[in-house]
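Each remark here refers to the structure printed beneath this line.
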Amino acid sequence: MAGSILTTDSQIQCPHGGQAVLATTNVRSMARSPMLLETDVHLVVGCPFTIGSKYSPCVRIEWSAGAKRVNVNGVAVLTQASMGKCMSAESATQGLALVVSTQQSASAV
């Protein structure tokens, strides 16, 4: 599935409005800014999610479904079609990441 490439300049949030802190281990390939990789794990800040009276914020995003044909050292880059699972501190999946904006001038399959 094709989609715009995600970079450190993209904006991603958890389904509850927390913001992803986008950093990458990729120091080799750019699409204006470093492209994010399927192996990157992104911290989430500001998630207000609660279950009943228990505060249970999303604390990280783990990725899958990177680009099939574009990679950096054998690791797929992330695209708008990639799937980011938002995880609690207890490793419970709490929804999927929302891609708010991407690098529009670069895309991958």
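Please note that chains go A, B, ... in the order of the structure tokens, that every chain numbers its residues from 1, and that ligands are numbered from 1 in the order shown.
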- Write out as a list in words each polymer residue whose atoms come within 10 Å of Val70 (chain A), counting only C-alpha atoms; drop sequence neighbours fewer than 2 positions from it. Ile5, Gly66, Ala67, Lys68, Val72, Asn73, Gly74, Val75, Ala76, Val77, Leu78, Thr79, Ser107, Ala108 and Val109 of chain A
Could you give me, as an mmCIF file with N, CA, C and O atoms, in the first residue's frame, the residues within 7 Å of region 15-19 of chain A, counting only C-alpha atoms and dropping anything in the same chain fewer than 4 positions from it?
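And here's result_4.cif as it stands now:
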```
data_model
loop_
_atom_site.group_PDB
_atom_site.id
_atom_site.type_symbol
_atom_site.label_atom_id
_atom_site.label_comp_id
_atom_site.auth_asym_id
_atom_site.auth_seq_id
_atom_site.Cartn_x
_atom_site.Cartn_y
_atom_site.Cartn_z
ATOM 1 N N VAL A 44 5.114 8.820 23.810
ATOM 2 C CA VAL A 44 3.901 9.642 23.739
ATOM 3 C C VAL A 44 3.848 10.493 24.995
ATOM 4 O O VAL A 44 4.062 9.997 26.101
ATOM 5 N N VAL A 45 3.577 11.779 24.825
ATOM 6 C CA VAL A 45 3.440 12.692 25.964
ATOM 7 C C VAL A 45 2.052 13.339 25.936
ATOM 8 O O VAL A 45 1.480 13.568 24.878
ATOM 9 N N GLY A 46 1.518 13.581 27.105
ATOM 10 C CA GLY A 46 0.261 14.315 27.216
ATOM 11 C C GLY A 46 -0.998 13.518 26.961
ATOM 12 O O GLY A 46 -2.055 14.091 26.723
ATOM 13 N N CYS A 47 -0.939 12.207 27.044
ATOM 14 C CA CYS A 47 -2.142 11.390 26.851
ATOM 15 C C CYS A 47 -2.975 11.429 28.130
ATOM 16 O O CYS A 47 -2.484 11.081 29.200
ATOM 17 N N PRO A 48 -4.254 11.803 28.028
ATOM 18 C CA PRO A 48 -5.103 11.904 29.214
ATOM 19 C C PRO A 48 -5.924 10.651 29.515
ATOM 20 O O PRO A 48 -6.769 10.667 30.416
ATOM 21 N N PHE A 49 -5.706 9.547 28.800
ATOM 22 C CA PHE A 49 -6.585 8.375 28.869
ATOM 23 C C PHE A 49 -6.681 7.791 30.279
ATOM 24 O O PHE A 49 -5.683 7.620 30.974
ATOM 25 N N GLY A 95 -5.206 1.553 21.254
ATOM 26 C CA GLY A 95 -5.700 2.154 20.024
ATOM 27 C C GLY A 95 -4.577 2.324 19.020
ATOM 28 O O GLY A 95 -3.428 1.975 19.280
ATOM 29 N N LEU A 96 -4.932 2.861 17.859
ATOM 30 C CA LEU A 96 -3.969 3.069 16.793
ATOM 31 C C LEU A 96 -3.571 4.535 16.699
ATOM 32 O O LEU A 96 -4.389 5.436 16.925
ATOM 33 N N ALA A 97 -2.310 4.748 16.338
ATOM 34 C CA ALA A 97 -1.788 6.103 16.178
ATOM 35 C C ALA A 97 -2.484 6.807 15.013
ATOM 36 O O ALA A 97 -2.855 6.177 14.020
ATOM 37 N N LEU A 98 -2.650 8.096 15.148
ATOM 38 C CA LEU A 98 -3.251 8.928 14.107
ATOM 39 C C LEU A 98 -2.159 9.786 13.479
ATOM 40 O O LEU A 98 -1.485 10.543 14.180
#
```
- Pick from A:Val99, A:Met87, A:Val59, A:Ala23 nearest to Ser4 (chain A), counting only C-alpha atoms: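 Nearest candidate to Ser4 (chain A) out of A:Val99, A:Met87, A:Val59, A:Ala23: A:Val99.
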- Query: Residues of chain A in strand (DSSP E or B) according to DSSP, as JSON, numbers by chain?
  - Reply: {"A": [3, 4, 5, 7, 11, 12, 13, 19, 20, 21, 30, 31, 33, 34, 35, 37, 41, 42, 43, 44, 45, 50, 51, 54, 55, 60, 61, 62, 63, 64, 71, 72, 75, 76, 77, 79, 83, 84, 85, 86, 87, 93, 94, 95, 96, 98, 99, 100, 101, 107, 108]}
So that I can check the surroundings of Cys86 (chain A), please list as a PDB file with C-alpha atoms, in the first residue's frame every protein, DNA and RNA residue that reaches within 7 Å of it, counting only C-alpha atoms and ignoring chain neighbours fewer than 3 positions away.
```pdb
ATOM      1  CA  CYS A  14      -2.455   8.705  20.079  1.00  0.00           C
ATOM      2  CA  CYS A  58      -0.415   5.873  26.122  1.00  0.00           C
ATOM      3  CA  ARG A  60       4.769   4.617  23.404  1.00  0.00           C
ATOM      4  CA  ILE A  61       3.929   3.714  19.809  1.00  0.00           C
ATOM      5  CA  GLU A  62       5.189   0.467  18.262  1.00  0.00           C
ATOM      6  CA  THR A  93      -2.776  -1.770  23.278  1.00  0.00           C
ATOM      7  CA  GLN A  94      -4.991   1.305  23.659  1.00  0.00           C
ATOM      8  CA  GLY A  95      -5.700   2.154  20.024  1.00  0.00           C
ATOM      9  CA  LEU A  96      -3.969   3.069  16.793  1.00  0.00           C
ATOM     10  CA  ALA A  97      -1.788   6.103  16.178  1.00  0.00           C
TER      11      ALA A  97
END
```
- Task: Measure the distance from CA of Ser64 (chain A) to CA of Ser29 (chain A) in Å and round it to one decimal.
- Result: 19.3 Å
- Query: Between A:Ala89, A:Ala65, A:Val100, A:Leu22, which one has atoms that come closest to Asp9 (chain A), using only C-alpha atoms?
  - Reply: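 Closest residue, counting only C-alpha atoms: A:Leu22.
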- Message: Please list as a list in words every residue within 9 Å of Trp63 (chain A), counting only C-alpha atoms and excluding residues in the same chain fewer than 5 positions away.
- Response: Leu37, Glu38, Thr39, Asp40, Val41, His42, Leu78, Ser82, Met83, Gly84 and Lys85 of chain A
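Put simply, CA of Ser53 (chain A) is 16.8 Å away from CA of Ala92 (chain A).
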